[in-house]
Every structure is written in C-alpha cells, then in structure tokens.
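The next block holds one structure in the form of structure tokens; read it before the comments.
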Amino acid sequence: MESEGLCTLEKRGNIYILTLTGDDDHRLHPNLIDSISAALRRVRSESTSSSSALITTAQGKYFSNGYDLKWALVDKARQKLMSRKLRSLVSDLITLPMPTIAAVTGHASAAGFVFALCHDYILMRKDRGFLYMSEMDIGFPIPIWFSALVKCRMGSAAVRREVVMKAAKVTAEMGVQMGFVDSAHSGAEETVEAAIKLGEELVSRNWDGKTYAGCRITLFLELLNSLGSDETVGDYGDEEANKTVAKL
C-alpha cells in the first residue's frame, strides 16, 4: 500500500483500491483532488500490460460531502481553481483504461455525488448514507457539466427530476430502483467486498484497456465536451443563461 497524501492506493492482484482516508467529510478541496489525481496517474502508468479495475471508497461517515465551499467562496480565483481541478479529475476517470467502481460507504453530496457518478458502477451500503444533489437546497445552480453527467447516468426524466429538482436524499435501495446504483449491501465492509468481487469478474473478461476507455468516451462524449466550461460555484456556465437568471 502506498499513501498519496489524503488517500491511499493499494493493489490486490489486478485490482486497485483507492481509499479517501480519515474521519472528515472528504470535501473536494484542491489538495484532496490533487491526491486522487496522483493516484490515478499511478494506476494509468501501471495498467498498460494487463486487464485491471479500480475501486474507489472512503473511510468514515462520508464518501465525499462535495466541494469545500468554505475555502472556495473566499474569492473567484479559488472557485475557478477548484472547478478546474475537479473537471480534470473527471476527465481522468472517464478516460481511464479500465472499469471503475465506486464503493459508497457513506454520504455523497453535490460534487461528491458527481464524483461517484463518474465511475462505471456504484455499489452502496444500505444501512447508512445517501446520495444527495444538494444544489436546490443550498441555493446554487448545477453546472452544465453536472447536468451532462446526470443525463449520461440517469436515463429517466422522472429520476433526473427527483434527484436534481427535488433534491432527494437517495438511499442505496432507492438508487437501485432508480437504476443508477448497481447493488445495495448491508454494511461498509460488505460493500467493499462486493466491489472487489465485481472487479475480479470484470478483470477476468480480459478486455483491452484502450478499447474499454474508447467505448466509455463515446458514451460520455456530451460530458467530455462540456468540461471546458470555466464554471464556478453559483455559475450556470453559460453567459446567456446567467443573464437570463439575473433578470428574474
């Protein structure tokens, strides 16, 4: 096992387990994003010769409680930096040449929910925790690229309305019914164990990593095309949209 600062990266056979460490709420401050990105660079550099899979999980009560708004709202420069780094991390995940699994063992809110959605599979504990797109409740519009990801992962307009427009706190069993959580498990340990089992099944298919990434890129093309927008907290990501809302 090697430490990447705020997270650890462990390799078990052909499965990489990326763990956000500590008992805090794993808010997506640039330092944490940099730590995750460094781990992904190592995974990418080592995965060229054989089929692999990545599992992302977290210690403590939270998977990720979203952006570090207390830090970011000091000024626009911080907001731009945080947005740029998260969009770069999302691009890294979407282009990673292997299956990715989020083992969600605690709450995942706003950008933390988005981080989980960027994985190919979401497994979740059912005894505690929820997925929560909190923007409606805290008074911030979702960025264009958040919307693009939601459209890619949630095929039903009714589900998108429930998640985004009603800010539902989605439990594991609700997420399975809605179709974007793949399975629900009795506790944190069981969730990670199920993720490892799924990872082993996927690795056994011996898929070519470049082909896998290419197929994912095609499916998420709308998302990737939207990542260039320089959006900040409370920004709609479109000049005309911002002007329209300002008139309301």
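So you can find residues: chains in the structure tokens are A, B, ... in the order shown, residues in each start at 1, and ligands are numbered from 1 in order.
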key: Non-local contacts of range 123-125 of chain A (9 Å; only C-alpha atoms; under 3 positions in same chain excluded) as a PyMOL selection string   = chain A and resi 101-106+128-130+171-173+175+181-192+194-195
query = Within 9 Å of Leu20 in chain A, counting only C-alpha atoms, which residues qualify if same-chain residues fewer than 6 places away don't, as number ranges by chain?
reply = A: 6-8, 26, 32, 36, 56-59, 63-64
Restricted to N, CA and C atoms, what would the selected residues look like written as a short mmCIF file (atom, residue, chain, number, x, y, z; two decimals), in the first residue's frame?
```cif
data_model
loop_
_atom_site.label_atom_id
_atom_site.label_comp_id
_atom_site.auth_asym_id
_atom_site.auth_seq_id
_atom_site.Cartn_x
_atom_site.Cartn_y
_atom_site.Cartn_z
N LEU A 6 -3.78 12.44 1.04
CA LEU A 6 -5.11 12.35 1.66
C LEU A 6 -5.84 11.09 1.25
N CYS A 7 -5.19 10.24 0.52
CA CYS A 7 -5.79 8.96 0.15
C CYS A 7 -4.69 7.91 0.05
N THR A 8 -5.08 6.66 0.02
CA THR A 8 -4.12 5.58 -0.17
C THR A 8 -4.51 4.80 -1.42
N HIS A 26 -14.29 14.52 3.69
CA HIS A 26 -13.67 14.35 2.36
C HIS A 26 -14.20 15.37 1.35
N LEU A 32 -7.15 17.54 -1.88
CA LEU A 32 -7.68 16.19 -2.00
C LEU A 32 -7.78 15.78 -3.46
N ILE A 36 -6.00 12.49 -5.23
CA ILE A 36 -6.70 11.47 -6.02
C ILE A 36 -6.12 11.41 -7.43
N THR A 56 -12.97 2.81 -5.87
CA THR A 56 -12.80 3.99 -5.04
C THR A 56 -13.75 3.90 -3.85
N THR A 57 -13.22 4.11 -2.65
CA THR A 57 -14.04 4.07 -1.45
C THR A 57 -13.51 5.11 -0.47
N ALA A 58 -14.08 5.18 0.73
CA ALA A 58 -13.68 6.19 1.70
C ALA A 58 -13.88 5.69 3.12
N GLN A 59 -13.03 6.16 4.01
CA GLN A 59 -13.19 5.87 5.43
C GLN A 59 -14.17 6.85 6.06
N PHE A 63 -18.54 9.52 2.03
CA PHE A 63 -17.78 9.22 0.81
C PHE A 63 -17.15 10.53 0.34
N SER A 64 -17.96 11.55 0.15
CA SER A 64 -17.49 12.92 -0.07
C SER A 64 -18.67 13.86 0.08
#
```
key: Computed interatomic separation between CA of Pro97 in chain A and CA of Thr19 in chain A (Å)   =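 Separating CA of Pro97 in chain A from CA of Thr19 in chain A is a distance of 19.3 Å.
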query = Could you pull out all residues of range 94-200 of chain A with a DSSP call of alpha helix (DSSP H) and give them as an MDAnalysis selection string?
reply = chainID A and resid 94 111:117 135:138 144:153 157:160 172:178 188:200
task = Could you please write out, as a count of residues only, every residue of range 14-49 of chain A that DSSP assigns to strand (DSSP E)?
result = 6
inquiry  = Please list as a list in words every residue within 6 Å of range 200-208 of chain A, counting only C-alpha atoms and excluding residues in the same chain fewer than 3 positions away.
reply    =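 Everything that qualifies: Ser51, Ser52, Lys197 and Thr211 of chain A.
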Written selection (all heavy atoms) as a CSV table (one decimal), in the first residue's frame:
```
chain,number,residue,atom,x,y,z
A,51,SER,N,-5.3,-6.5,-18.0
A,51,SER,CA,-6.6,-6.1,-17.6
A,51,SER,C,-6.6,-5.7,-16.1
A,51,SER,O,-6.1,-6.5,-15.3
A,51,SER,CB,-7.6,-7.2,-17.9
A,51,SER,OG,-8.9,-6.7,-17.5
A,52,SER,N,-7.2,-4.6,-15.8
A,52,SER,CA,-7.3,-4.1,-14.4
A,52,SER,C,-8.6,-3.5,-14.1
A,52,SER,O,-9.5,-3.3,-15.0
A,52,SER,CB,-6.2,-3.1,-14.1
A,52,SER,OG,-4.9,-3.5,-14.5
A,197,LYS,N,-15.3,-8.3,-5.6
A,197,LYS,CA,-15.8,-9.4,-6.3
A,197,LYS,C,-16.2,-9.0,-7.7
A,197,LYS,O,-15.9,-9.7,-8.7
A,197,LYS,CB,-17.0,-10.0,-5.6
A,197,LYS,CG,-17.6,-11.2,-6.4
A,197,LYS,CD,-18.8,-11.8,-5.6
A,197,LYS,CE,-19.3,-13.0,-6.3
A,197,LYS,NZ,-20.5,-13.6,-5.6
A,211,THR,N,-9.6,0.0,-25.6
A,211,THR,CA,-10.9,-0.2,-26.2
A,211,THR,C,-12.0,0.1,-25.2
A,211,THR,O,-13.0,0.8,-25.5
A,211,THR,CB,-11.1,-1.7,-26.7
A,211,THR,OG1,-10.0,-2.0,-27.6
A,211,THR,CG2,-12.4,-1.9,-27.3
```
Option closest in space to Leu86 in chain A, from A:Ile122, A:Val114, A:Val159, A:Val150 [counting only C-alpha atoms] =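 Counting only C-alpha atoms, the residue closest to Leu86 in chain A is A:Val114.
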inquiry  = Between A:Asp25, A:Asp137, A:Asp127, A:Glu193, which residue has the minimum interatomic distance to Ala108 in chain A, considering only C-alpha atoms?
reply    = A:Asp25
inquiry  = Can you pull out the residues contacting Leu89 in chain A? Cut-off 12 Å, using only C-alpha atoms, and skip same-chain residues under 2 positions away; I want them as a count of residues only.
reply    = 32
